[in-house]
file upload-v9.txt (compact mmCIF, C-alpha atoms)
# COMPACT_ATOMS: atom_id res chain seq x y z
CA MET A 1 85.27 -5.56 -63.97
CA LEU A 2 83.41 -3.73 -61.18
CA VAL A 3 80.17 -5.44 -62.18
CA LEU A 4 81.85 -8.83 -61.94
CA LEU A 5 83.24 -8.03 -58.49
CA LEU A 6 79.81 -6.87 -57.29
CA LEU A 7 78.22 -10.00 -58.70
CA LEU A 8 80.84 -12.16 -56.99
CA ALA A 9 80.32 -10.37 -53.66
CA PHE A 10 76.54 -10.74 -54.00
CA THR A 11 76.89 -14.45 -54.75
CA VAL A 12 79.28 -15.14 -51.87
CA PHE A 13 77.61 -13.08 -49.15
CA VAL A 14 73.95 -13.03 -50.04
CA LEU A 15 73.25 -16.26 -51.84
CA ASN A 16 75.36 -18.44 -49.57
CA PRO A 17 73.35 -18.89 -46.36
CA VAL A 18 76.28 -20.34 -44.40
CA ILE A 19 78.41 -17.27 -45.00
CA MET A 20 75.46 -14.95 -44.35
CA LYS A 21 74.72 -16.66 -41.03
CA ALA A 22 78.39 -16.47 -40.01
CA PHE A 23 78.46 -12.78 -40.94
CA LEU A 24 75.36 -12.07 -38.84
CA CYS A 25 76.79 -14.01 -35.87
CA MET A 26 79.99 -12.00 -36.15
CA LEU A 27 78.02 -8.72 -36.09
CA ARG A 28 76.09 -9.81 -32.99
CA SER A 29 79.33 -10.85 -31.28
CA ILE A 30 80.88 -7.45 -31.93
CA ILE A 31 77.80 -5.70 -30.56
CA SER A 32 77.83 -7.96 -27.47
CA ILE A 33 81.39 -6.91 -26.63
CA PHE A 34 80.25 -3.33 -26.09
CA SER A 35 76.98 -4.05 -24.28
CA PRO A 36 76.84 -4.45 -20.50
CA PRO A 37 75.86 -7.93 -19.24
CA ILE A 38 72.64 -8.67 -17.35
CA SER A 39 73.53 -9.60 -13.79
CA SER A 40 70.21 -10.69 -12.25
CA GLN A 41 66.61 -11.66 -12.92
CA ASP A 42 65.46 -8.33 -11.43
CA GLU A 43 67.65 -6.39 -13.85
CA LEU A 44 66.29 -8.49 -16.73
CA GLU A 45 62.69 -7.74 -15.74
CA LYS A 46 63.38 -3.98 -15.46
CA LEU A 47 65.07 -4.03 -18.85
CA LEU A 48 62.16 -5.97 -20.35
CA LYS A 49 59.69 -3.43 -19.00
CA SER A 50 61.57 -0.41 -20.38
CA GLU A 51 62.22 -2.01 -23.78
CA ARG A 52 58.57 -3.04 -24.15
CA VAL A 53 57.57 0.60 -23.73
CA LYS A 54 60.08 1.72 -26.38
CA LEU A 55 58.74 -0.79 -28.91
CA GLY A 56 55.07 -0.38 -27.98
CA LEU A 57 54.65 -4.02 -26.95
CA LEU A 58 52.53 -3.36 -23.85
CA ASP A 59 49.59 -5.33 -25.27
CA LYS A 60 51.61 -8.56 -25.48
CA LYS A 61 52.35 -10.88 -22.56
CA ILE A 62 56.09 -11.42 -22.45
CA LYS A 63 58.07 -13.24 -19.78
CA ALA A 64 61.87 -13.19 -19.63
CA LEU A 65 63.91 -15.78 -17.75
CA LEU A 66 67.59 -15.84 -16.92
CA VAL A 67 68.69 -19.44 -17.52
CA ALA A 68 71.90 -21.47 -17.61
CA PRO A 69 73.75 -21.22 -20.93
CA ARG A 70 72.60 -24.02 -23.24
CA SER A 71 73.72 -23.13 -26.76
CA LEU A 72 75.78 -20.68 -28.76
CA PHE A 73 73.00 -18.10 -28.59
CA GLU A 74 72.74 -15.57 -25.79
CA ALA A 75 68.97 -15.39 -25.96
CA ASP A 76 65.97 -16.63 -27.90
CA VAL A 77 62.27 -15.97 -28.07
CA GLU A 78 59.49 -18.53 -28.30
CA LYS A 79 55.80 -17.98 -28.93
CA ILE A 80 54.06 -20.17 -26.35
CA ASN A 81 50.48 -19.46 -27.46
CA ALA A 82 48.49 -16.71 -29.17
CA ASP A 83 49.07 -14.17 -26.39
CA PHE A 84 52.26 -15.26 -24.63
CA TYR A 85 55.97 -15.06 -25.50
CA LEU A 86 58.93 -16.41 -23.55
CA ILE A 87 62.41 -14.90 -23.83
CA ARG A 88 65.20 -17.08 -22.45
CA CYS A 89 68.45 -15.26 -21.71
CA ALA A 90 71.57 -17.18 -20.79
CA ARG A 91 73.51 -15.97 -17.77
CA GLY A 92 75.97 -13.41 -19.06
CA SER A 93 73.63 -12.25 -21.83
CA THR A 94 73.89 -8.61 -22.74
CA ARG A 95 71.31 -5.87 -22.53
CA THR A 96 71.18 -5.53 -26.30
CA SER A 97 70.33 -9.23 -26.72
CA VAL A 98 67.04 -8.57 -24.93
CA SER A 99 66.37 -5.65 -27.28
CA HIS A 100 67.17 -7.95 -30.20
CA GLU A 101 64.68 -10.62 -29.12
CA LEU A 102 61.97 -8.08 -28.37
CA TYR A 103 62.44 -6.66 -31.85
CA HIS A 104 61.70 -10.12 -33.26
CA ILE A 105 58.35 -9.99 -31.43
CA TYR A 106 57.73 -6.44 -32.65
CA ASP A 107 58.62 -7.42 -36.23
CA ALA A 108 56.32 -10.48 -36.03
CA ALA A 109 59.09 -12.99 -36.75
CA ALA A 110 57.89 -15.21 -33.91
CA GLU A 111 54.32 -14.96 -35.23
CA GLU A 112 55.14 -16.08 -38.73
CA TYR A 113 57.35 -18.94 -37.58
CA TRP A 114 54.26 -20.92 -36.67
CA ALA A 115 52.33 -19.92 -39.82
CA THR A 116 54.83 -20.80 -42.57
CA ARG A 117 56.89 -23.73 -43.67
CA ARG A 118 60.23 -24.06 -41.93
CA PHE A 119 62.39 -23.58 -45.05
CA ILE A 120 60.57 -20.43 -46.17
CA TRP A 121 60.79 -19.04 -42.64
CA GLU A 122 64.55 -19.72 -42.49
CA ILE A 123 65.13 -17.73 -45.67
CA LYS A 124 63.03 -14.80 -44.39
CA TYR A 125 64.75 -14.99 -41.02
CA LEU A 126 68.25 -15.00 -42.46
CA TYR A 127 67.77 -12.24 -45.02
CA TRP A 128 65.02 -10.06 -43.52
CA TRP A 129 64.27 -10.45 -39.81
CA GLU A 130 67.72 -11.12 -38.37
CA PRO A 131 69.49 -8.20 -40.12
CA ARG A 132 66.70 -5.85 -39.01
CA ALA A 133 66.92 -7.09 -35.40
CA ILE A 134 70.71 -6.70 -35.43
CA PHE A 135 70.36 -3.14 -36.74
CA TYR A 136 67.88 -2.38 -33.93
CA GLU A 137 70.27 -3.99 -31.42
CA PHE A 138 73.06 -1.72 -32.70
CA ARG A 139 70.86 1.37 -32.33
CA ARG A 140 70.01 0.36 -28.74
CA LEU A 141 73.72 -0.12 -28.03
CA ARG A 142 74.42 3.40 -29.24
CA ALA A 143 71.59 4.77 -27.08
CA CYS A 144 72.78 2.81 -24.04
CA ASN A 145 76.36 4.01 -24.44
CA LEU A 146 75.23 7.63 -24.83
CA VAL A 147 73.26 7.35 -21.56
CA LEU A 148 76.25 5.80 -19.79
CA LYS A 149 78.56 8.58 -21.04
CA GLN A 150 76.14 11.27 -19.87
CA ALA A 151 75.84 9.63 -16.43
CA SER A 152 79.59 9.60 -15.84

call {"tool": "encode", "arguments": {"input": "upload-v9.txt", "output": "structure tokens"}}
result
Amino acid sequence: MLVLLLLLAFTVFVLNPVIMKAFLCMLRSIISIFSPPISSQDELEKLLKSERVKLGLLDKKIKALLVAPRSLFEADVEKINADFYLIRCARGSTRTSVSHELYHIYDAAAEEYWATRRFIWEIKYLYWWEPRAIFYEFRRLRACNLVLKQAS
């Protein structure tokens, strides 16, 4: 009976991409509730600088822009050319969303997007890159909250 329940859970959550994507969006939403929002372009640039150091991304050119909200996503990253990445953060984005997008650069998700077929990339994104970036985002949230508690 336990094996059947595990098989059913595996089929529903892992093999169904719609449910998996909804589950990942729910996790990110929960993390966003506890993360402080970014209030200005200056704050975004300072955060980008400190997070790049933590991930060792100093050799990459990365620009972050605070833009008007345009979709359901708080932030996204785009590889412009071989050396340049652009992170767009919607106004009201959280600090951990920047960490999340930088982790995609660190984990080479943005690199492989241009090198593989779209369908294959979507599967890798949904089951490999996005869960890893969410886990990193959660770790950064914990670190941020510990710093805030120590400061008060």

call {"tool": "residues_around", "arguments": {"input": "upload-v9.txt", "residues": "Tyr127 in chain A", "least_positions_apart": "5", "cutoff": "9 Å", "atoms": "all atoms listed in the file", "output": "NGL selection string"}}
result
:A and (14 or 17 or 20 or 122 or 132)

call {"tool": "closest_residue", "arguments": {"input": "upload-v9.txt", "among": "A:Arg52, A:Ala90, A:Phe84, A:Leu141", "to": "Pro36 in chain A", "atoms": "all atoms listed in the file"}}
result
A:Leu141

call {"tool": "closest_residue", "arguments": {"input": "upload-v9.txt", "among": "A:Val3, A:Ile80, A:Leu126, A:Ile105", "to": "Lys21 in chain A", "atoms": "only C-alpha atoms"}}
result
A:Leu126

call {"tool": "residues_around", "arguments": {"input": "upload-v9.txt", "residues": "Glu101 in chain A", "least_positions_apart": "4", "cutoff": "10 Å", "atoms": "all atoms listed in the file", "output": "compact mmCIF listing (two decimals) with C-alpha atoms, in the frame of the given file"}}
result
# COMPACT_ATOMS: atom_id res chain seq x y z
CA ALA A 75 68.97 -15.39 -25.96
CA ASP A 76 65.97 -16.63 -27.90
CA VAL A 77 62.27 -15.97 -28.07
CA GLU A 78 59.49 -18.53 -28.30
CA LEU A 86 58.93 -16.41 -23.55
CA ILE A 87 62.41 -14.90 -23.83
CA ARG A 88 65.20 -17.08 -22.45
CA CYS A 89 68.45 -15.26 -21.71
CA THR A 96 71.18 -5.53 -26.30
CA SER A 97 70.33 -9.23 -26.72
CA ILE A 105 58.35 -9.99 -31.43
CA TYR A 106 57.73 -6.44 -32.65
CA ASP A 107 58.62 -7.42 -36.23
CA ALA A 109 59.09 -12.99 -36.75
CA ALA A 110 57.89 -15.21 -33.91
CA GLU A 130 67.72 -11.12 -38.37
CA ALA A 133 66.92 -7.09 -35.40
CA ILE A 134 70.71 -6.70 -35.43
CA GLU A 137 70.27 -3.99 -31.42

call {"tool": "closest_residue", "arguments": {"input": "upload-v9.txt", "among": "A:Arg95, A:Phe135, A:Glu74, A:Trp129", "to": "Leu48 in chain A", "atoms": "all atoms listed in the file"}}
result
A:Arg95

call {"tool": "atom_distance", "arguments": {"input": "upload-v9.txt", "atom1": "CA of Pro69 in chain A", "atom2": "CA of Ile30 in chain A"}}
result
19.0 Å

call {"tool": "closest_residue", "arguments": {"input": "upload-v9.txt", "among": "A:Ile123, A:Leu102, A:Leu47, A:Ala143", "to": "Val18 in chain A", "atoms": "all atoms listed in the file"}}
result
A:Ile123

call {"tool": "closest_residue", "arguments": {"input": "upload-v9.txt", "among": "A:Glu51, A:Glu45, A:Ser40, A:Thr94", "to": "Lys63 in chain A", "atoms": "all atoms listed in the file"}}
result
A:Glu45

call {"tool": "closest_residue", "arguments": {"input": "upload-v9.txt", "among": "A:Lys124, A:Phe119, A:Phe23, A:Val67", "to": "Gly92 in chain A", "atoms": "only C-alpha atoms"}}
result
A:Val67

call {"tool": "atom_distance", "arguments": {"input": "upload-v9.txt", "atom1": "CA of Tyr103 in chain A", "atom2": "CA of Asp42 in chain A"}}
result
20.7 Å
